[in-house]
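File shown: final.txt (compact mmCIF, C-alpha atoms).
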```txt
# COMPACT_ATOMS: atom_id res chain seq x y z
CA MET A 16 0.00 0.00 0.00
CA ALA A 17 2.70 2.47 0.99
CA ASP A 18 4.62 1.45 -2.12
CA LEU A 19 1.61 2.25 -4.30
CA VAL A 20 1.18 5.66 -2.68
CA PHE A 21 4.89 6.35 -3.13
CA TRP A 22 4.82 5.61 -6.85
CA ILE A 23 1.61 7.65 -7.31
CA ILE A 24 3.34 10.60 -5.65
CA VAL A 25 6.41 10.13 -7.84
CA GLY A 26 4.12 10.03 -10.88
CA ILE A 27 2.38 13.25 -9.88
CA THR A 28 5.71 14.99 -9.24
CA LEU A 29 7.41 14.00 -12.48
CA GLY A 30 4.29 14.21 -14.66
CA SER A 31 3.57 17.74 -13.47
CA ALA A 32 7.24 18.64 -13.99
CA VAL A 33 6.95 17.46 -17.60
CA MET A 34 3.84 19.67 -17.95
CA VAL A 35 5.78 22.62 -16.51
CA VAL A 36 8.51 22.44 -19.12
CA THR A 37 6.40 21.49 -22.15
CA SER A 38 3.02 23.21 -21.78
CA LYS A 39 2.25 25.84 -24.40
CA ASN A 40 0.29 27.99 -21.97
CA LEU A 41 2.32 29.74 -19.28
CA LEU A 42 -0.54 29.64 -16.76
CA TYR A 43 -0.90 25.87 -17.18
CA SER A 44 2.83 25.62 -16.46
CA ALA A 45 2.35 27.56 -13.23
CA TYR A 46 -0.53 25.34 -12.10
CA ALA A 47 1.43 22.19 -12.98
CA LEU A 48 4.27 23.58 -10.86
CA LEU A 49 1.80 23.65 -7.94
CA PHE A 50 1.21 19.90 -8.24
CA SER A 51 4.93 19.24 -8.65
CA PHE A 52 5.65 21.10 -5.41
CA LEU A 53 2.88 19.17 -3.62
CA GLY A 54 4.35 15.90 -4.92
CA VAL A 55 7.77 16.85 -3.53
CA THR A 56 6.02 17.55 -0.22
CA GLY A 57 4.73 13.97 -0.25
CA LEU A 58 8.28 12.70 -0.87
CA TYR A 59 9.47 14.66 2.19
CA VAL A 60 6.77 12.98 4.29
CA PHE A 61 8.04 9.58 3.09
CA LEU A 62 11.55 10.67 4.12
CA TRP A 63 10.41 11.46 7.71
CA ALA A 64 10.95 15.19 7.17
CA ASP A 65 7.65 16.53 8.47
CA PHE A 66 8.89 20.06 9.25
CA ILE A 67 10.48 20.45 5.81
CA ALA A 68 7.21 19.24 4.26
CA VAL A 69 5.23 21.95 6.07
CA VAL A 70 7.81 24.60 5.14
CA GLN A 71 7.63 23.42 1.52
CA VAL A 72 3.85 23.94 1.46
CA VAL A 73 4.00 27.32 3.19
CA VAL A 74 6.97 28.82 1.34
CA TYR A 75 6.79 27.24 -2.12
CA VAL A 76 3.04 26.82 -2.63
CA GLY A 77 1.99 29.79 -0.53
CA GLY A 78 4.76 32.18 -1.43
CA ILE A 79 6.89 31.48 -4.47
CA LEU A 80 4.07 30.15 -6.64
CA ILE A 81 1.87 33.17 -5.87
CA LEU A 82 4.82 35.42 -6.76
CA ILE A 83 5.28 33.57 -10.06
CA ILE A 84 1.60 33.85 -10.95
CA PHE A 85 1.74 37.57 -10.14
CA GLY A 86 4.76 37.81 -12.42
CA ILE A 87 2.84 36.14 -15.25
CA MET A 88 -0.14 38.42 -14.76
CA LEU A 89 2.01 41.57 -14.66
CA THR A 90 4.09 40.73 -17.73
CA ASN A 91 1.22 39.85 -20.06
CA LYS A 92 -1.63 41.86 -21.36
CA ILE A 93 -4.72 40.84 -19.44
CA THR A 94 -6.81 41.04 -22.61
CA SER A 95 -4.85 38.26 -24.31
CA VAL A 96 -6.42 35.15 -22.85
CA ASN A 97 -4.00 32.75 -24.49
CA ILE A 98 -0.68 33.28 -22.75
CA SER A 99 1.38 31.14 -25.04
CA HIS A 100 5.08 30.61 -25.13
CA ALA A 101 6.92 28.29 -27.43
CA SER A 102 9.97 26.13 -26.81
CA VAL A 103 13.10 26.34 -28.95
CA GLN A 104 15.96 23.91 -29.62
CA LYS A 105 13.83 20.98 -28.50
CA GLY A 106 15.98 18.31 -30.20
CA GLY A 107 19.22 19.53 -28.66
CA GLY A 108 17.55 19.91 -25.30
CA ILE A 109 16.19 16.34 -25.33
CA PHE A 110 19.63 15.01 -26.35
CA VAL A 111 21.42 16.87 -23.55
CA VAL A 112 18.85 15.87 -20.95
CA LEU A 113 18.77 12.18 -21.91
CA THR A 114 22.57 11.99 -21.87
CA PHE A 115 22.63 13.73 -18.52
CA VAL A 116 19.99 11.56 -16.89
CA GLY A 117 21.69 8.44 -18.29
CA MET A 118 25.01 9.45 -16.76
CA LEU A 119 23.38 10.32 -13.44
CA GLY A 120 21.46 7.04 -13.37
CA TYR A 121 24.61 5.04 -14.14
CA MET A 122 26.42 6.85 -11.34
CA ILE A 123 23.55 6.34 -8.87
CA TYR A 124 23.22 2.61 -9.47
CA LYS A 125 27.00 1.93 -9.66
CA THR A 126 28.01 3.79 -6.51
CA PRO A 127 28.07 1.67 -3.33
CA TRP A 128 26.26 4.13 -1.06
CA SER A 129 26.87 3.63 2.62
CA ILE A 130 23.37 3.14 3.99
CA VAL A 131 23.03 3.73 7.70
CA ALA A 132 20.05 2.03 9.27
CA ALA A 133 18.09 4.73 11.05
CA THR A 134 15.01 4.76 13.21
CA GLU A 135 12.22 7.24 12.70
CA PRO A 136 12.98 10.37 14.76
CA VAL A 137 10.46 11.21 17.44
CA GLU A 138 10.79 14.95 16.93
CA THR A 139 12.41 16.82 14.06
CA THR A 140 11.32 20.41 14.68
CA ALA A 141 12.97 20.70 18.10
CA VAL A 142 16.25 19.24 16.79
CA ILE A 143 16.20 21.57 13.78
CA GLY A 144 15.64 24.54 16.08
CA ARG A 145 18.51 23.49 18.33
CA LEU A 146 20.84 23.00 15.35
CA LEU A 147 19.91 26.38 13.87
CA MET A 148 20.50 28.20 17.14
CA ILE A 149 23.75 26.46 18.14
CA GLU A 150 25.75 24.81 15.37
CA TYR A 151 24.45 26.77 12.38
CA LEU A 152 23.96 30.13 14.04
CA LEU A 153 26.30 32.03 11.69
CA PRO A 154 24.73 30.70 8.44
CA PHE A 155 21.32 31.39 9.96
CA GLU A 156 22.18 35.04 10.64
CA VAL A 157 23.83 35.47 7.22
CA THR A 158 20.66 34.07 5.64
CA SER A 159 18.54 36.61 7.47
CA LEU A 160 20.81 39.38 6.13
CA LEU A 161 20.44 37.90 2.63
CA LEU A 162 16.65 37.91 2.96
CA LEU A 163 16.75 41.56 4.07
CA GLY A 164 18.93 42.39 1.08
CA ALA A 165 16.61 40.54 -1.30
CA LEU A 166 13.59 42.34 0.18
CA ILE A 167 15.14 45.78 -0.26
CA GLY A 168 16.57 44.90 -3.66
CA ALA A 169 13.29 43.58 -5.02
CA THR A 170 11.31 46.62 -3.90
CA THR A 171 13.95 49.02 -5.22
CA LEU A 172 14.15 47.24 -8.58
CA SER A 173 10.41 47.13 -9.19
CA ARG A 174 9.67 50.76 -8.34
CA LYS A 175 8.24 52.76 -11.20
CA ASP A 176 10.41 55.89 -10.74
CA SER A 177 14.07 55.31 -9.98
CA MET B 1 10.06 2.97 -1.59
CA ASP B 2 12.61 2.21 1.13
CA SER B 3 15.61 2.58 -1.12
CA LEU B 4 17.98 5.50 -1.52
CA ASN B 5 18.33 4.84 -5.26
CA ASN B 6 14.63 5.54 -5.88
CA TYR B 7 14.83 8.98 -4.34
CA LEU B 8 18.11 9.81 -6.08
CA MET B 9 16.66 8.75 -9.42
CA VAL B 10 13.48 10.83 -8.92
CA SER B 11 15.65 13.79 -8.02
CA ALA B 12 17.91 13.22 -11.07
CA VAL B 13 14.90 13.13 -13.42
CA LEU B 14 13.46 16.26 -11.80
CA PHE B 15 16.81 18.03 -12.20
CA SER B 16 16.99 17.01 -15.85
CA LEU B 17 13.47 18.29 -16.51
CA GLY B 18 14.44 21.61 -14.95
CA LEU B 19 17.55 21.70 -17.13
CA PHE B 20 15.40 20.97 -20.18
CA GLY B 21 13.18 23.91 -19.27
CA VAL B 22 16.15 26.25 -18.87
CA ILE B 23 17.54 25.15 -22.24
CA THR B 24 14.33 25.28 -24.28
CA ARG B 25 12.22 28.00 -22.71
CA ARG B 26 12.63 31.58 -23.83
CA ASN B 27 10.11 33.18 -21.49
CA GLY B 28 11.76 34.66 -18.39
CA VAL B 29 9.09 33.44 -15.99
CA ALA B 30 9.20 29.92 -17.46
CA VAL B 31 12.99 29.79 -16.99
CA LEU B 32 12.44 30.85 -13.37
CA MET B 33 9.94 28.01 -12.87
CA SER B 34 12.47 25.52 -14.25
CA VAL B 35 15.11 26.81 -11.82
CA GLU B 36 12.65 26.19 -8.99
CA LEU B 37 12.36 22.56 -10.16
CA ILE B 38 16.16 22.23 -10.04
CA LEU B 39 16.28 23.62 -6.49
CA ASN B 40 13.55 21.18 -5.44
CA SER B 41 15.53 18.24 -6.80
CA ALA B 42 18.59 19.34 -4.80
CA ASN B 43 16.39 19.48 -1.71
CA ILE B 44 15.11 15.93 -2.25
CA ASN B 45 18.74 14.77 -2.37
CA PHE B 46 19.61 16.48 0.91
CA VAL B 47 16.61 15.05 2.73
CA ALA B 48 17.15 11.57 1.22
CA PHE B 49 20.74 11.49 2.44
CA ALA B 50 19.54 12.74 5.82
CA ARG B 51 17.23 9.72 5.98
CA PHE B 52 19.50 7.02 4.53
CA GLY B 53 23.07 8.29 4.82
CA GLY B 54 23.20 8.86 8.54
CA MET B 55 23.26 12.67 8.24
CA ASN B 56 20.17 12.81 10.47
CA ILE B 57 18.63 16.23 10.97
CA THR B 58 21.61 18.19 9.60
CA GLY B 59 20.37 17.49 6.07
CA HIS B 60 17.04 19.06 6.96
CA VAL B 61 18.81 22.26 8.06
CA TYR B 62 20.56 22.47 4.68
CA ALA B 63 17.23 21.92 2.93
CA LEU B 64 15.77 24.81 4.94
CA PHE B 65 18.60 27.10 3.82
CA ILE B 66 17.96 26.13 0.20
CA ILE B 67 14.25 26.93 0.54
CA VAL B 68 15.12 30.37 1.94
CA LEU B 69 17.56 31.02 -0.91
CA ALA B 70 14.93 29.94 -3.44
CA ALA B 71 12.45 32.42 -1.97
CA ALA B 72 14.97 35.27 -2.13
CA GLU B 73 15.96 34.29 -5.67
CA ALA B 74 12.35 34.18 -6.87
CA ALA B 75 11.61 37.64 -5.44
CA VAL B 76 14.67 39.31 -7.00
CA ALA B 77 14.30 37.47 -10.33
CA LEU B 78 10.65 38.49 -10.69
CA ALA B 79 11.55 42.11 -9.88
CA ILE B 80 14.18 42.00 -12.63
CA ILE B 81 11.75 40.36 -15.08
CA ILE B 82 9.06 42.98 -14.41
CA ASN B 83 11.68 45.71 -14.92
CA ILE B 84 12.71 44.13 -18.23
CA PHE B 85 9.06 44.00 -19.27
CA ASN B 86 8.60 47.69 -18.45
CA ASN B 87 11.71 48.66 -20.45
CA PHE B 88 11.57 46.32 -23.45
CA ASN B 89 7.85 45.37 -23.48
CA THR B 90 8.81 41.69 -23.80
CA ILE B 91 10.18 38.98 -21.52
CA ASN B 92 11.64 36.86 -24.30
CA ILE B 93 15.16 36.56 -22.95
CA ASP B 94 16.64 36.23 -26.45
CA ASP B 95 15.42 39.73 -27.30
CA VAL B 96 17.03 41.24 -24.23
CA SER B 97 20.70 41.27 -25.09
CA GLU B 98 21.44 44.92 -24.42
CA LEU B 99 21.99 46.60 -21.07
CA LYS B 100 20.04 49.68 -22.15
CA GLN B 101 17.62 50.24 -24.96
```
What would the structure in this file look like if it were written as structure tokens?
Amino acid sequence: MADLVFWIIVGITLGSAVMVVTSKNLLYSAYALLFSFLGVTGLYVFLWADFIAVVQVVVYVGGILILIIFGIMLTNKITSVNISHASVQKGGGIFVVLTFVGMLGYMIYKTPWSIVAATEPVETTAVIGRLLMIEYLLPFEVTSLLLLGALIGATTLSRKDS
Amino acid sequence: MDSLNNYLMVSAVLFSLGLFGVITRRNGVAVLMSVELILNSANINFVAFARFGGMNITGHVYALFIIVLAAAEAAVALAIIINIFNNFNTINIDDVSELKQ
């Protein structure tokens, strides 16, 4: 049963990702991206990462995707219903991607990964909080500075009069 | 489902699809969406190694940092794209090869 659910989630993730990169309509791409993000959330749940799964829903689905849809709406004329965009160099792209995924797959299945048997953690959020506040305090603070910079930069860039 | 290879393979295919989008798409927003797919695939790898490779919760912390970076990147990239649209009236990135019009 869990296996079936896992492969359904994988199918949703990869199928929606294919839609994202091949759909003719930009809005369909954005909505397919929503399902791809939700599929990745399901994978996180299978990997015992409950906090990351919640953050994925809140930040990606609730934040980044809304931003992207706003971007689509602001960069197209509202009157043109059909927001189409074509793909170029499809043959070359497929060749590069197939070669790449073949190489990656060969590497993945040939490498003897050291698998450590682990038990399901009782709590992840508390441990993440402790790690962020003790071991990774400097990266955490630098990230907050980066977010501040991105906030100011984005508002400055998108102002009408500069 | 309980195998590291499955997750790595899903992540590899997701990365390749994102790469395909970056190569073939000429719309700025579509390229941005493909980059988000690539970042998601990197995140799956981190969390998978946290589960199977004995990295424990440290992998989750790295995944969190990547999510934050993706949010910042999306905000700045969309600001740039909207600016390009206001200046050039197009977001076809092949048409935008000059710094000023």
CA of Leu166 (chain A) and CA of Leu14 (chain B) are how many Å apart?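 So the answer is 28.7 Å.
Each of B:Leu32, B:Val22, B:Ile44, B:Leu17 was checked against Leu4 (chain B) using all atoms listed in the file; the smallest atom-to-atom distance is that of B:Ile44.
The residue that comes closest to chain A, out of B:Ser11, B:Thr24, B:Asn6, B:Asn92 and on the basis of only C-alpha atoms, is B:Thr24.
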Closest-contact table, chain B side, partner chain A, 8 Å, counting only C-alpha atoms, as CSV:
```
residue,atom,partner,partner_atom,distance
B:Met1,CA,A:Asp18,CA,5.7
B:Asn5,CA,A:Ile123,CA,6.5
B:Leu8,CA,A:Ile123,CA,7.0
B:Met9,CA,A:Gly120,CA,6.4
B:Val10,CA,A:Val25,CA,7.2
B:Ala12,CA,A:Val116,CA,6.4
B:Val13,CA,A:Val116,CA,6.4
B:Leu14,CA,A:Leu29,CA,6.5
B:Ser16,CA,A:Val112,CA,5.5
B:Leu17,CA,A:Val33,CA,6.7
B:Gly18,CA,A:Val36,CA,7.3
B:Leu19,CA,A:Val112,CA,7.1
B:Phe20,CA,A:Gly108,CA,5.7
B:Gly21,CA,A:Val36,CA,4.9
B:Ile23,CA,A:Gly108,CA,6.1
B:Thr24,CA,A:Val103,CA,4.9
B:Arg25,CA,A:Ser102,CA,5.0
B:Arg26,CA,A:Ser102,CA,6.8
B:Asn27,CA,A:His100,CA,6.7
B:Val29,CA,A:Ile87,CA,6.8
B:Ala30,CA,A:Leu41,CA,7.1
B:Met33,CA,A:Leu48,CA,7.5
B:Ser34,CA,A:Val36,CA,7.0
B:Leu37,CA,A:Ala32,CA,7.5
B:Asn40,CA,A:Val55,CA,7.5
B:Ile44,CA,A:Tyr59,CA,7.3
B:Val47,CA,A:Leu62,CA,6.8
B:Ala48,CA,A:Leu62,CA,6.4
B:Arg51,CA,A:Leu62,CA,6.1
B:Phe52,CA,A:Ile130,CA,5.5
B:Gly53,CA,A:Ile130,CA,5.2
B:Gly54,CA,A:Val131,CA,5.2
B:Ile57,CA,A:Ile143,CA,6.5
B:Thr58,CA,A:Leu146,CA,7.5
B:His60,CA,A:Ile67,CA,6.8
B:Val61,CA,A:Ile143,CA,6.3
B:Ala63,CA,A:Ile67,CA,7.5
B:Leu64,CA,A:Ile67,CA,6.9
B:Phe65,CA,A:Thr158,CA,7.5
B:Ile67,CA,A:Gln71,CA,7.6
B:Val68,CA,A:Thr158,CA,7.6
B:Leu69,CA,A:Thr158,CA,7.9
B:Ala71,CA,A:Ile79,CA,6.2
B:Ala72,CA,A:Ala165,CA,5.6
B:Glu73,CA,A:Ala165,CA,7.7
B:Ala74,CA,A:Ile79,CA,6.5
B:Ala75,CA,A:Ala169,CA,6.2
B:Val76,CA,A:Ala169,CA,4.9
B:Leu78,CA,A:Gly86,CA,6.2
B:Ala79,CA,A:Ser173,CA,5.2
B:Ile80,CA,A:Leu172,CA,6.6
B:Ile81,CA,A:Gly86,CA,7.9
B:Ile82,CA,A:Thr90,CA,6.4
B:Asn83,CA,A:Ser173,CA,6.0
B:Phe85,CA,A:Thr90,CA,6.1
B:Thr90,CA,A:Thr90,CA,7.7
B:Ile91,CA,A:Thr90,CA,7.4
```
Test item: axis-aligned box, all listed atoms of region 82-89 of chain A, 6 Å on each side, centre and edges in Å rounded to one decimal, as JSON:
```
{"center_x": 2.6, "center_y": 37.6, "center_z": -11.0, "size_x": 17.4, "size_y": 20.0, "size_z": 20.5}
```
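The two atoms in question, CA of Tyr7 (chain B) and CA of Leu53 (chain A), are spaced 15.7 Å apart.
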Separation of CA of Phe15 (chain B) and CA of Phe46 (chain B), in Å?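 Computing the Euclidean distance for CA of Phe15 (chain B) and CA of Phe46 (chain B) yields 13.5 Å.
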